[in-house]
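File shown: run_37.cif (mmCIF, C-alpha atoms and all ligand atoms).
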```
data_entry
#
loop_
_atom_site.group_PDB
_atom_site.id
_atom_site.type_symbol
_atom_site.label_atom_id
_atom_site.label_comp_id
_atom_site.auth_asym_id
_atom_site.auth_seq_id
_atom_site.Cartn_x
_atom_site.Cartn_y
_atom_site.Cartn_z
ATOM 1 C CA MET N 1 10.847 -23.549 -32.387
ATOM 2 C CA ILE N 2 9.873 -26.228 -29.900
ATOM 3 C CA LEU N 3 7.154 -25.705 -27.289
ATOM 4 C CA ARG N 4 9.645 -25.567 -24.391
ATOM 5 C CA GLU N 5 11.524 -22.638 -25.995
ATOM 6 C CA CYS N 6 8.247 -20.927 -26.671
ATOM 7 C CA PHE N 7 7.425 -21.345 -22.954
ATOM 8 C CA ASN N 8 10.814 -19.910 -21.918
ATOM 9 C CA GLN N 9 10.397 -16.860 -24.137
ATOM 10 C CA THR N 10 6.836 -16.208 -22.989
ATOM 11 C CA ARG N 11 7.802 -16.603 -19.326
ATOM 12 C CA ASP N 12 10.708 -14.160 -19.764
ATOM 13 C CA ILE N 13 8.473 -11.554 -21.429
ATOM 14 C CA LEU N 14 5.925 -11.841 -18.620
ATOM 15 C CA SER N 15 8.497 -11.656 -15.838
ATOM 16 C CA LYS N 16 10.245 -8.650 -17.459
ATOM 17 C CA ASN N 17 6.863 -6.946 -17.297
ATOM 18 C CA ASN N 18 6.610 -7.652 -13.553
ATOM 19 C CA ILE N 19 3.957 -10.321 -13.773
ATOM 20 C CA ASP N 20 4.072 -12.555 -10.684
ATOM 21 C CA ASP N 21 4.005 -16.295 -11.265
ATOM 22 C CA ALA N 22 5.326 -15.785 -14.804
ATOM 23 C CA SER N 23 6.079 -19.511 -15.166
ATOM 24 C CA LEU N 24 2.592 -20.661 -14.208
ATOM 25 C CA GLU N 25 0.872 -17.939 -16.223
ATOM 26 C CA SER N 26 2.996 -18.676 -19.271
ATOM 27 C CA GLU N 27 2.055 -22.360 -19.090
ATOM 28 C CA LEU N 28 -1.652 -21.550 -18.673
ATOM 29 C CA LEU N 29 -1.666 -19.127 -21.603
ATOM 30 C CA ILE N 30 0.218 -21.516 -23.898
ATOM 31 C CA ARG N 31 -2.056 -24.400 -22.968
ATOM 32 C CA TYR N 32 -5.048 -22.208 -23.743
ATOM 33 C CA ALA N 33 -3.554 -21.142 -27.090
ATOM 34 C CA MET N 34 -2.750 -24.743 -28.040
ATOM 35 C CA GLY N 35 -5.926 -26.241 -26.573
ATOM 36 C CA TYR N 36 -3.799 -28.575 -24.423
ATOM 37 C CA SER N 37 -4.642 -30.201 -21.112
ATOM 38 C CA ARG N 38 -1.832 -30.208 -18.559
ATOM 39 C CA ILE N 39 -0.809 -33.720 -19.609
ATOM 40 C CA GLN N 40 -0.889 -32.913 -23.337
ATOM 41 C CA TYR N 41 1.245 -29.867 -22.628
ATOM 42 C CA TYR N 42 3.965 -31.879 -20.897
ATOM 43 C CA GLN N 43 3.813 -34.569 -23.606
ATOM 44 C CA ASN N 44 4.498 -31.944 -26.258
ATOM 45 C CA THR N 45 7.225 -29.764 -24.737
ATOM 46 C CA GLU N 46 9.881 -31.073 -27.153
ATOM 47 C CA HIS N 47 7.668 -30.820 -30.255
ATOM 48 C CA GLU N 48 7.944 -28.128 -32.914
ATOM 49 C CA ILE N 49 5.182 -25.547 -33.075
ATOM 50 C CA THR N 50 4.135 -23.832 -36.299
ATOM 51 C CA ALA N 51 4.662 -20.142 -37.050
ATOM 52 C CA GLU N 52 0.909 -19.705 -36.878
ATOM 53 C CA GLN N 53 0.760 -21.236 -33.385
ATOM 54 C CA TRP N 54 3.608 -18.981 -32.215
ATOM 55 C CA ASN N 55 1.698 -15.945 -33.537
ATOM 56 C CA ILE N 56 -1.398 -16.980 -31.596
ATOM 57 C CA ILE N 57 0.630 -17.483 -28.403
ATOM 58 C CA GLN N 58 2.272 -14.084 -28.806
ATOM 59 C CA SER N 59 -1.032 -12.292 -29.333
ATOM 60 C CA ILE N 60 -2.477 -13.972 -26.215
ATOM 61 C CA ALA N 61 0.630 -13.039 -24.187
ATOM 62 C CA GLN N 62 0.161 -9.479 -25.457
ATOM 63 C CA ARG N 63 -3.350 -9.385 -23.978
ATOM 64 C CA ARG N 64 -1.849 -10.432 -20.633
ATOM 65 C CA LEU N 65 0.755 -7.654 -20.923
ATOM 66 C CA THR N 66 -1.936 -5.034 -21.425
ATOM 67 C CA GLY N 67 -3.417 -6.000 -18.055
ATOM 68 C CA GLU N 68 -6.040 -8.629 -18.815
ATOM 69 C CA PRO N 69 -5.834 -11.322 -16.108
ATOM 70 C CA THR N 70 -4.918 -14.814 -17.292
ATOM 71 C CA SER N 71 -8.166 -16.222 -15.871
ATOM 72 C CA TYR N 72 -10.286 -13.875 -18.008
ATOM 73 C CA ILE N 73 -8.235 -14.793 -21.083
ATOM 74 C CA THR N 74 -8.526 -18.545 -20.540
ATOM 75 C CA GLY N 75 -11.988 -18.424 -18.917
ATOM 76 C CA ASN N 76 -10.858 -20.653 -16.055
ATOM 77 C CA LYS N 77 -9.631 -20.507 -12.483
ATOM 78 C CA GLU N 78 -8.878 -23.342 -10.109
ATOM 79 C CA PHE N 79 -10.392 -22.967 -6.652
ATOM 80 C CA TYR N 80 -10.577 -25.585 -3.904
ATOM 81 C CA GLY N 81 -9.268 -28.195 -6.349
ATOM 82 C CA LEU N 82 -12.113 -27.535 -8.793
ATOM 83 C CA ASP N 83 -12.056 -25.834 -12.155
ATOM 84 C CA PHE N 84 -14.354 -22.790 -12.385
ATOM 85 C CA TYR N 85 -15.524 -20.942 -15.461
ATOM 86 C CA VAL N 86 -14.956 -17.195 -14.995
ATOM 87 C CA ASN N 87 -15.572 -14.062 -17.033
ATOM 88 C CA LYS N 88 -15.634 -10.296 -16.540
ATOM 89 C CA ASP N 89 -18.957 -10.430 -14.704
ATOM 90 C CA VAL N 90 -17.362 -12.092 -11.669
ATOM 91 C CA LEU N 91 -14.413 -11.693 -9.330
ATOM 92 C CA ILE N 92 -11.657 -14.214 -10.016
ATOM 93 C CA PRO N 93 -11.683 -16.610 -7.033
ATOM 94 C CA ARG N 94 -8.685 -16.072 -4.727
ATOM 95 C CA PRO N 95 -6.750 -18.761 -2.848
ATOM 96 C CA GLU N 96 -7.317 -16.970 0.484
ATOM 97 C CA THR N 97 -11.055 -17.594 0.140
ATOM 98 C CA GLU N 98 -10.265 -21.299 0.476
ATOM 99 C CA HIS N 99 -9.793 -20.665 4.225
ATOM 100 C CA LEU N 100 -13.434 -19.595 4.406
ATOM 101 C CA VAL N 101 -14.500 -22.799 2.636
ATOM 102 C CA ASP N 102 -12.328 -24.899 5.008
ATOM 103 C CA LYS N 103 -14.015 -23.348 8.044
ATOM 104 C CA ALA N 104 -17.509 -23.624 6.568
ATOM 105 C CA LEU N 105 -16.936 -27.342 5.941
ATOM 106 C CA VAL N 106 -15.860 -27.942 9.558
ATOM 107 C CA LEU N 107 -18.936 -26.115 10.863
ATOM 108 C CA ALA N 108 -21.339 -27.702 8.374
ATOM 109 C CA ARG N 109 -20.235 -31.242 9.253
ATOM 110 C CA LYS N 110 -21.859 -30.801 12.684
ATOM 111 C CA TYR N 111 -25.249 -30.809 10.953
ATOM 112 C CA ASP N 112 -26.964 -33.756 9.279
ATOM 113 C CA ASN N 113 -28.533 -31.591 6.593
ATOM 114 C CA PRO N 114 -26.985 -28.139 6.799
ATOM 115 C CA PHE N 115 -28.748 -25.205 5.177
ATOM 116 C CA ILE N 116 -26.083 -22.815 3.954
ATOM 117 C CA ALA N 117 -26.348 -19.387 2.343
ATOM 118 C CA ASP N 118 -23.535 -17.999 0.166
ATOM 119 C CA ILE N 119 -24.115 -14.280 -0.182
ATOM 120 C CA GLY N 120 -22.595 -12.424 -3.140
ATOM 121 C CA THR N 121 -21.739 -15.715 -4.789
ATOM 122 C CA GLY N 122 -20.164 -14.306 -7.977
ATOM 123 C CA SER N 123 -18.770 -17.267 -9.925
ATOM 124 C CA GLY N 124 -20.333 -19.593 -7.349
ATOM 125 C CA ALA N 125 -16.883 -20.721 -6.155
ATOM 126 C CA ILE N 126 -17.848 -20.926 -2.463
ATOM 127 C CA ALA N 127 -21.317 -22.425 -2.988
ATOM 128 C CA VAL N 128 -20.125 -25.047 -5.483
ATOM 129 C CA SER N 129 -17.062 -26.034 -3.391
ATOM 130 C CA LEU N 130 -19.325 -26.519 -0.381
ATOM 131 C CA ALA N 131 -21.944 -28.453 -2.346
ATOM 132 C CA VAL N 132 -19.338 -30.788 -3.865
ATOM 133 C CA ASN N 133 -17.886 -31.531 -0.417
ATOM 134 C CA LEU N 134 -21.198 -31.710 1.486
ATOM 135 C CA PRO N 135 -23.526 -34.064 -0.400
ATOM 136 C CA ARG N 136 -26.352 -33.559 2.128
ATOM 137 C CA ALA N 137 -26.235 -29.780 2.267
ATOM 138 C CA LYS N 138 -28.809 -27.493 0.756
ATOM 139 C CA ILE N 139 -27.321 -24.233 -0.413
ATOM 140 C CA ILE N 140 -28.816 -20.962 -1.494
ATOM 141 C CA ALA N 141 -26.488 -18.603 -3.304
ATOM 142 C CA THR N 142 -27.480 -14.991 -3.885
ATOM 143 C CA ASP N 143 -26.056 -12.152 -5.906
ATOM 144 C CA ILE N 144 -27.332 -8.735 -6.876
ATOM 145 C CA SER N 145 -25.881 -9.203 -10.367
ATOM 146 C CA PHE N 146 -27.903 -11.318 -12.784
ATOM 147 C CA ASP N 147 -24.852 -11.747 -15.018
ATOM 148 C CA ALA N 148 -22.861 -13.113 -12.083
ATOM 149 C CA LEU N 149 -25.657 -15.612 -11.393
ATOM 150 C CA LYS N 150 -25.543 -16.776 -15.027
ATOM 151 C CA THR N 151 -21.850 -17.576 -14.464
ATOM 152 C CA ALA N 152 -22.588 -19.308 -11.144
ATOM 153 C CA ASP N 153 -25.261 -21.364 -12.904
ATOM 154 C CA ILE N 154 -22.734 -22.598 -15.465
ATOM 155 C CA ASN N 155 -20.431 -23.664 -12.611
ATOM 156 C CA CYS N 156 -23.253 -25.416 -10.734
ATOM 157 C CA HIS N 157 -24.002 -27.480 -13.855
ATOM 158 C CA LYS N 158 -20.327 -28.065 -14.580
ATOM 159 C CA HIS N 159 -19.894 -29.640 -11.134
ATOM 160 C CA LYS N 160 -23.346 -31.288 -11.128
ATOM 161 C CA VAL N 161 -24.613 -29.562 -7.991
ATOM 162 C CA ASN N 162 -27.364 -27.563 -9.733
ATOM 163 C CA ASN N 163 -30.011 -29.655 -7.950
ATOM 164 C CA ARG N 164 -28.702 -28.604 -4.497
ATOM 165 C CA VAL N 165 -27.568 -25.038 -5.102
ATOM 166 C CA ILE N 166 -30.426 -22.612 -5.618
ATOM 167 C CA LEU N 167 -29.448 -19.303 -7.176
ATOM 168 C CA LEU N 168 -31.476 -16.226 -6.248
ATOM 169 C CA GLN N 169 -31.031 -12.643 -7.381
ATOM 170 C CA GLY N 170 -31.363 -9.921 -4.795
ATOM 171 C CA ASN N 171 -29.859 -7.726 -2.132
ATOM 172 C CA LEU N 172 -27.745 -9.799 0.280
ATOM 173 C CA LEU N 173 -29.985 -11.920 2.557
ATOM 174 C CA GLU N 174 -33.287 -10.502 1.311
ATOM 175 C CA PRO N 175 -34.019 -13.346 -1.167
ATOM 176 C CA LEU N 176 -33.539 -16.027 1.540
ATOM 177 C CA PRO N 177 -36.887 -17.818 2.095
ATOM 178 C CA HIS N 178 -35.955 -19.073 5.583
ATOM 179 C CA LYS N 179 -33.195 -18.963 8.187
ATOM 180 C CA ALA N 180 -29.803 -20.539 7.462
ATOM 181 C CA ASP N 181 -27.448 -22.567 9.675
ATOM 182 C CA ILE N 182 -24.382 -21.058 8.078
ATOM 183 C CA ILE N 183 -24.109 -17.774 6.221
ATOM 184 C CA ALA N 184 -20.895 -17.382 4.200
ATOM 185 C CA ALA N 185 -20.039 -14.191 2.357
ATOM 186 C CA ASN N 186 -17.118 -12.874 0.364
ATOM 187 C CA LEU N 187 -18.588 -9.421 -0.206
ATOM 188 C CA PRO N 188 -16.839 -6.415 -1.739
ATOM 189 C CA TYR N 189 -14.508 -5.090 0.966
ATOM 190 C CA VAL N 190 -11.848 -3.077 -0.855
ATOM 191 C CA ARG N 191 -11.645 0.603 0.135
ATOM 192 C CA LYS N 192 -12.775 2.697 -2.811
ATOM 193 C CA GLU N 193 -9.457 4.574 -2.942
ATOM 194 C CA ASP N 194 -7.487 1.295 -2.975
ATOM 195 C CA ILE N 195 -9.147 -0.142 -6.082
ATOM 196 C CA PRO N 196 -6.532 -0.108 -8.850
ATOM 197 C CA ALA N 197 -7.651 2.028 -11.796
ATOM 198 C CA SER N 198 -6.452 -0.747 -14.093
ATOM 199 C CA THR N 199 -8.666 -3.473 -12.602
ATOM 200 C CA CYS N 200 -10.616 -5.631 -15.051
ATOM 201 C CA GLU N 201 -12.803 -7.101 -12.298
ATOM 202 C CA PRO N 202 -16.355 -5.868 -11.610
ATOM 203 C CA MET N 203 -16.529 -2.809 -9.317
ATOM 204 C CA LEU N 204 -19.659 -4.328 -7.821
ATOM 205 C CA ALA N 205 -17.538 -7.203 -6.492
ATOM 206 C CA LEU N 206 -14.709 -5.047 -5.092
ATOM 207 C CA ASP N 207 -16.001 -1.657 -3.980
ATOM 208 C CA GLY N 208 -16.775 -1.567 -0.266
ATOM 209 C CA GLY N 209 -17.019 2.230 -0.004
ATOM 210 C CA ASP N 210 -14.766 4.586 1.970
ATOM 211 C CA ASP N 211 -13.636 2.103 4.629
ATOM 212 C CA GLY N 212 -14.404 -1.009 2.582
ATOM 213 C CA LEU N 213 -17.110 -2.130 4.992
ATOM 214 C CA ASP N 214 -20.290 -0.586 3.548
ATOM 215 C CA VAL N 215 -21.688 -3.869 2.204
ATOM 216 C CA ILE N 216 -20.522 -5.940 5.178
ATOM 217 C CA ARG N 217 -22.348 -3.474 7.472
ATOM 218 C CA LEU N 218 -25.566 -3.890 5.465
ATOM 219 C CA LEU N 219 -25.285 -7.666 5.595
ATOM 220 C CA CYS N 220 -24.618 -7.754 9.348
ATOM 221 C CA ARG N 221 -27.808 -5.766 9.935
ATOM 222 C CA GLN N 222 -29.796 -8.430 8.070
ATOM 223 C CA VAL N 223 -28.161 -11.458 9.722
ATOM 224 C CA PRO N 224 -30.044 -11.750 13.080
ATOM 225 C CA ASP N 225 -33.379 -12.273 11.265
ATOM 226 C CA LYS N 226 -31.914 -14.820 8.847
ATOM 227 C CA ILE N 227 -29.753 -17.079 11.017
ATOM 228 C CA ASN N 228 -30.822 -20.131 13.027
ATOM 229 C CA THR N 229 -30.105 -20.485 16.746
ATOM 230 C CA GLY N 230 -26.543 -21.806 17.067
ATOM 231 C CA GLY N 231 -25.774 -20.674 13.514
ATOM 232 C CA HIS N 232 -22.549 -19.242 12.160
ATOM 233 C CA LEU N 233 -21.622 -16.268 10.010
ATOM 234 C CA LEU N 234 -18.394 -16.390 7.987
ATOM 235 C CA LEU N 235 -17.096 -13.193 6.413
ATOM 236 C CA GLU N 236 -14.034 -12.627 4.292
ATOM 237 C CA ILE N 237 -12.313 -9.334 5.150
ATOM 238 C CA GLY N 238 -9.198 -7.398 4.148
ATOM 239 C CA LEU N 239 -6.062 -6.121 5.838
ATOM 240 C CA GLY N 240 -6.730 -3.937 8.876
ATOM 241 C CA GLN N 241 -10.515 -4.491 8.919
ATOM 242 C CA LYS N 242 -10.728 -7.012 11.765
ATOM 243 C CA ASP N 243 -11.312 -4.588 14.654
ATOM 244 C CA SER N 244 -14.025 -2.660 12.808
ATOM 245 C CA VAL N 245 -15.802 -5.875 11.810
ATOM 246 C CA PHE N 246 -15.641 -7.182 15.415
ATOM 247 C CA GLU N 247 -17.205 -3.894 16.522
ATOM 248 C CA ILE N 248 -20.034 -4.207 13.991
ATOM 249 C CA LEU N 249 -20.703 -7.816 15.027
ATOM 250 C CA ASN N 250 -20.549 -7.078 18.767
ATOM 251 C CA GLY N 251 -23.377 -4.616 18.206
ATOM 252 C CA LEU N 252 -25.699 -7.398 17.008
ATOM 253 C CA SER N 253 -28.125 -9.240 19.239
ATOM 254 C CA ASP N 254 -27.499 -12.923 20.031
ATOM 255 C CA ILE N 255 -23.781 -12.930 19.214
ATOM 256 C CA LYS N 256 -22.080 -15.712 21.181
ATOM 257 C CA ASP N 257 -18.454 -15.506 20.119
ATOM 258 C CA ILE N 258 -16.280 -14.180 17.320
ATOM 259 C CA GLU N 259 -12.945 -15.427 16.032
ATOM 260 C CA VAL N 260 -10.654 -14.492 13.173
ATOM 261 C CA LEU N 261 -8.668 -16.881 10.971
ATOM 262 C CA GLN N 262 -5.461 -15.792 9.288
ATOM 263 C CA ASP N 263 -4.506 -16.455 5.697
ATOM 264 C CA LEU N 264 -1.092 -17.792 4.647
ATOM 265 C CA ARG N 265 0.364 -14.271 4.733
ATOM 266 C CA GLY N 266 -0.772 -13.818 8.347
ATOM 267 C CA ILE N 267 -3.574 -11.389 7.456
ATOM 268 C CA GLY N 268 -6.805 -11.741 9.473
ATOM 269 C CA ARG N 269 -8.935 -12.938 6.546
ATOM 270 C CA VAL N 270 -12.004 -14.805 7.756
ATOM 271 C CA VAL N 271 -14.206 -13.669 10.605
ATOM 272 C CA CYS N 272 -16.363 -16.371 12.117
ATOM 273 C CA ALA N 273 -19.227 -15.333 14.417
ATOM 274 C CA SER N 274 -21.450 -17.787 16.288
ATOM 275 C CA PHE N 275 -25.014 -16.925 17.255
ATOM 276 C CA ARG N 276 -27.153 -17.949 20.253
HETATM 277 N N1 LIG D 1 -9.308 -10.034 -2.145
HETATM 278 C C1 LIG D 1 -9.764 -9.220 -3.215
HETATM 279 C C2 LIG D 1 -8.716 -8.190 -3.582
HETATM 280 O O1 LIG D 1 -7.941 -7.810 -2.770
HETATM 281 C C3 LIG D 1 -11.041 -8.495 -2.862
HETATM 282 C C4 LIG D 1 -12.164 -9.397 -2.767
HETATM 283 C C5 LIG D 1 -13.376 -8.718 -2.241
HETATM 284 O O2 LIG D 1 -13.551 -7.503 -2.191
HETATM 285 N N2 LIG D 1 -14.247 -9.531 -1.810
HETATM 286 O O3 LIG D 1 -8.672 -7.754 -4.719
#
```
Reformat the file's structure so that it appears as structure tokens.
Amino acid sequence: MILRECFNQTRDILSKNNIDDASLESELLIRYAMGYSRIQYYQNTEHEITAEQWNIIQSIAQRRLTGEPTSYITGNKEFYGLDFYVNKDVLIPRPETEHLVDKALVLARKYDNPFIADIGTGSGAIAVSLAVNLPRAKIIATDISFDALKTADINCHKHKVNNRVILLQGNLLEPLPHKADIIAANLPYVRKEDIPASTCEPMLALDGGDDGLDVIRLLCRQVPDKINTGGHLLLEIGLGQKDSVFEILNGLSDIKDIEVLQDLRGIGRVVCASFR
């Protein structure tokens, strides 16, 4: 069998099992199985594969069918045009979080040497994307999970920003040694009852309690003591959480204004609050 037929069969199996993006996932899994870059993959689509290679591809596709996300199988996820190493200790970066990075970049470019905090950094996707795009920024990234920080550390080295991203373990803003200009956070915000039983991702990164806002509430309480005058807080939120988050923020001292940015599906996804 040639590689292209192997792709077609794998894609059909995935799509029959209701896996979205079956074409992309099939390509990623086959490339992983074959050890091919994107270019090598396209150079080899008409070449025969061995029976042994087909067996390996099928067993990897089987893992996907039993619910393991492609990113955990391959150990990679692209975010903000960069390749991140991921594993079961961290949430797989989502495209909607790129809106938060976009906004943070716009805000950070008003400063000569912005000091940015990424809270609940996980794989380090936000902190590393900001560091790569802001060569003069200093960034502190925190997480309560030591294993998550080990993953973030690998990504900081991979993208050569380990000298400008400092990783600290601790509860939200507590490890921050001084006030930040921008605080960015993609905290767990999924309502406990909405977390799929089948999820492979860490509960610690998803579970926001009964209304999904337990951790965001804790963070907001810490923010006034940890943000510079004129600073900005960026929070990722989920469907239907905007009004509650506005209410929490309006209860803080020194709030100047609050706006919400929508993701590509029209869901209010990033809340941006400015402080006096
Ligand atoms: N967007 C993720 C999801 O819906 C949740 C991310 C988070 O809780 N920070 O699965």
Determine the residue membership of the PyMOL selection byres (((chain N and resi 162-175) around 10) and not hetatm) for the file above and supply it as a ChimeraX atom specification. /N:116-121,124,127-128,130-132,135-150,152-161,176-180,183,185,187,215-216,218-223,225-227
Record the distance separating atom CA of Gln43 of chain N and atom CA of Phe84 of chain N, expressed in Å with one decimal. 24.4 Å
If the limit is 9 Å from any atom of ligand LIG 1 (chain D), counting only C-alpha atoms and all ligand atoms, which residues qualify? Return them as a ChimeraX atom specification. /N:91-94,96-97,120,185-191,195-196,199,201,204-208,212,236-239
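With only C-alpha atoms as the atoms that count, the minimum distance from Gly209 of chain N to the choices N:Lys242, N:Arg276, N:Asp12, N:Glu193 is reached by N:Glu193.
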Can you pull out every residue within 6 Å of segment 47-60 of chain N, counting all atoms listed in the file, but drop anything in the same chain fewer than 6 positions away, and send it as a ChimeraX atom specification? /N:1-3,33
What residues come out when you apply the PyMOL selection byres (((chain N and resi 274) around 7) and not hetatm) to this file, written as a list in words? Gly230, Gly231, His232, Leu233, Ile255, Lys256, Asp257, Ile258, Cys272, Ala273, Phe275 and Arg276 of chain N
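Between atom CA of Ala197 of chain N and atom CA of Gln9 of chain N there is a distance of 28.9 Å.
Proximity of N:Ala61, N:Val245, N:Ala125, N:Ala22 to Tyr85 of chain N, computed with only C-alpha atoms, is greatest for N:Ala125.
In this structure, atom CA of Tyr72 of chain N sits 6.5 Å away from atom CA of Val86 of chain N.
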